[in-house]
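Notes follow the structure.
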Amino acid sequence: MLRVLHKAGLTKQDVKLVELPSTGDVYATALASHQVDVAPIGGVQVKRYETKYGKDGATTIAHGLRDDPGHLYAPVTVLADPAKAAAIREYVQAWARAWRWREANPDEWIERYYVKDQGLSADDGRWLVENAGVADIPASWTEAIARHQETIDLLAKETGNKPLRAEDLYDRRYESVAADALAAGGAR
C-alpha cells in the first residue's frame with residue numbers, strides 16, 4: 001500500500017491506514033462493507049471480488065507497480081545443512097518446470113486448479129490465466145533485489161525504522177537455479 005501511495009505522490013499522513021489480517025476474503029469483505037476504501041487484492045481474490053461485488057459498483061484499479069515476486073523463505077539453519085540445501089535446489093527446479101507447465105497447459109490448469117480446487121467457473125479461470133501473463137523467471141536477481149530495497153527503504157522511512165539491506169535476505173546460490181532448470185529441460 002505504501003508503494004502505491006508513494007507512486008501517487010501521497011504519504012501515510014494523507015490517508016488513514018487500517019491494519020487487517022491477510023487471511024481469507026478479509027480485504028474484499030472490508031471493501032464491500034465500506035470499512036475501507038482501498039485494499040490490496042490480487043489473483044483469485046480479484047475475480048472473486050469483482051464477481052461478488054461488481055453489481056454494487058466494486059472495481060479494481062491497476063496500480064502499475066511490479067509487486068508480485070515469488071519468494072521461498074527458509075531459516076539460515078536449513079540453508080546451512082547441505083542435504084536440506086540440496087533439497088531446496090531440487091524444489092526450485094521442480095517449481096520452475098511446474099510454472100512453465102502451467103503456462104503451456106492453461107486449459108488443464110484452469111480445470112484442475114481454478115475449477116476443481118478453487119471453485120471458480122472455467123470463465124473466471126480463463127480470466128485469471130489471461131491476466132497473469134507469463135512469469136519472468138530471471139537468471140539474475142539484481143533487479144528484484146533493487147525493487148525489494150526500494151520497498152524496504154520506503155517502509156523504513158514511513159515507520160521510522162532503520163533500513164536493512166535487501167541483498168542480505170537473498171541466498172544467491174539459488175539465483176539461477178530456476179532459469180537453469182528451464183534452459184535444461186523446460187516444462188516436463
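Going by the C-alpha cells order, chains are called A, B, ..., each with residues numbered from 1, while ligands are numbered from 1 in the order shown.
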
Exercise. Near Arg165 (chain A), counting only C-alpha atoms, which residues have an atom at most 12 Å away, once you skip same-chain residues fewer than 6 positions from it, shown as a ChimeraX atom specification?
Worked result: /A:145-153,156

Output of the above residues as a PDB file, in the first residue's frame, restricted to N, CA and C atoms:
ATOM      1  N   ILE A 145      16.120  -7.570  -6.395  1.00  0.00           N
ATOM      2  CA  ILE A 145      16.696  -7.107  -5.127  1.00  0.00           C
ATOM      3  C   ILE A 145      16.640  -5.587  -5.050  1.00  0.00           C
ATOM      4  N   ALA A 146      16.877  -4.911  -6.161  1.00  0.00           N
ATOM      5  CA  ALA A 146      16.790  -3.439  -6.180  1.00  0.00           C
ATOM      6  C   ALA A 146      15.369  -2.984  -5.871  1.00  0.00           C
ATOM      7  N   ARG A 147      14.361  -3.651  -6.460  1.00  0.00           N
ATOM      8  CA  ARG A 147      12.956  -3.300  -6.163  1.00  0.00           C
ATOM      9  C   ARG A 147      12.652  -3.573  -4.696  1.00  0.00           C
ATOM     10  N   HIS A 148      13.152  -4.684  -4.183  1.00  0.00           N
ATOM     11  CA  HIS A 148      12.941  -5.029  -2.777  1.00  0.00           C
ATOM     12  C   HIS A 148      13.571  -3.960  -1.879  1.00  0.00           C
ATOM     13  N   GLN A 149      14.757  -3.492  -2.254  1.00  0.00           N
ATOM     14  CA  GLN A 149      15.428  -2.455  -1.469  1.00  0.00           C
ATOM     15  C   GLN A 149      14.603  -1.169  -1.463  1.00  0.00           C
ATOM     16  N   GLU A 150      14.002  -0.809  -2.591  1.00  0.00           N
ATOM     17  CA  GLU A 150      13.141   0.380  -2.649  1.00  0.00           C
ATOM     18  C   GLU A 150      11.986   0.253  -1.661  1.00  0.00           C
ATOM     19  N   THR A 151      11.391  -0.924  -1.607  1.00  0.00           N
ATOM     20  CA  THR A 151      10.284  -1.148  -0.672  1.00  0.00           C
ATOM     21  C   THR A 151      10.782  -1.065   0.770  1.00  0.00           C
ATOM     22  N   ILE A 152      11.908  -1.679   1.052  1.00  0.00           N
ATOM     23  CA  ILE A 152      12.485  -1.632   2.401  1.00  0.00           C
ATOM     24  C   ILE A 152      12.760  -0.186   2.809  1.00  0.00           C
ATOM     25  N   ASP A 153      13.365   0.581   1.904  1.00  0.00           N
ATOM     26  CA  ASP A 153      13.686   1.972   2.218  1.00  0.00           C
ATOM     27  C   ASP A 153      12.423   2.792   2.487  1.00  0.00           C
ATOM     28  N   ALA A 156      11.015   1.714   5.872  1.00  0.00           N
ATOM     29  CA  ALA A 156      11.845   2.250   6.953  1.00  0.00           C
ATOM     30  C   ALA A 156      11.528   3.726   7.173  1.00  0.00           C
TER      31      ALA A 156
END

For this session: Fewer than 4 positions away in the same chain doesn't count, so skip those; otherwise give me all residues within 8 Å of region 82-92 of chain A, counting only C-alpha atoms, as a ChimeraX atom specification.
Result: /A:78,96,174,177-178

Just the selected residues (N, CA and C atoms), exported as a PDB file, in the first residue's frame, please.
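Done, and the output landed in selection_33.pdb:
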ATOM      1  N   VAL A  78      18.509 -24.159   7.950  1.00  0.00           N
ATOM      2  CA  VAL A  78      18.161 -25.078   6.862  1.00  0.00           C
ATOM      3  C   VAL A  78      19.124 -24.885   5.702  1.00  0.00           C
ATOM      4  N   ALA A  96       9.992 -24.310 -11.033  1.00  0.00           N
ATOM      5  CA  ALA A  96      10.132 -23.600 -12.309  1.00  0.00           C
ATOM      6  C   ALA A  96       9.504 -24.404 -13.445  1.00  0.00           C
ATOM      7  N   TYR A 174      21.102 -19.843  -5.118  1.00  0.00           N
ATOM      8  CA  TYR A 174      19.906 -20.311  -5.814  1.00  0.00           C
ATOM      9  C   TYR A 174      19.477 -19.371  -6.946  1.00  0.00           C
ATOM     10  N   VAL A 177      19.025 -21.032 -10.406  1.00  0.00           N
ATOM     11  CA  VAL A 177      18.566 -22.419 -10.386  1.00  0.00           C
ATOM     12  C   VAL A 177      17.286 -22.606 -11.207  1.00  0.00           C
ATOM     13  N   ALA A 178      16.300 -21.756 -11.016  1.00  0.00           N
ATOM     14  CA  ALA A 178      15.038 -21.908 -11.749  1.00  0.00           C
ATOM     15  C   ALA A 178      15.246 -21.690 -13.242  1.00  0.00           C
TER      16      ALA A 178
END

Seminar exercise, completed: Computed gap from CA of Val36 (chain A) to CA of Lys157 (chain A) is 23.8 Å

Problem set entry | Val4 (chain A) environment, 12 Å, only C-alpha atoms, sequence neighbours closer than 2 positions dropped, as a VMD selection string | chain A and resid 1 to 2 6 to 12 38 to 40 61 to 67 151 154

Exercise. So, counting only C-alpha atoms, which residue among A:Leu17, A:Ala104, A:Ala135, A:Ala183 is closest to Asp37 (chain A)?
Worked result: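 Answer, going by the shortest atom-to-atom distance: A:Leu17.
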
Exercise. When you draw a straight line from CA of Asp171 (chain A) to CA of His71 (chain A), how long is it in Å?
Worked result: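 Computing it gives 11.2 Å between the two atoms.
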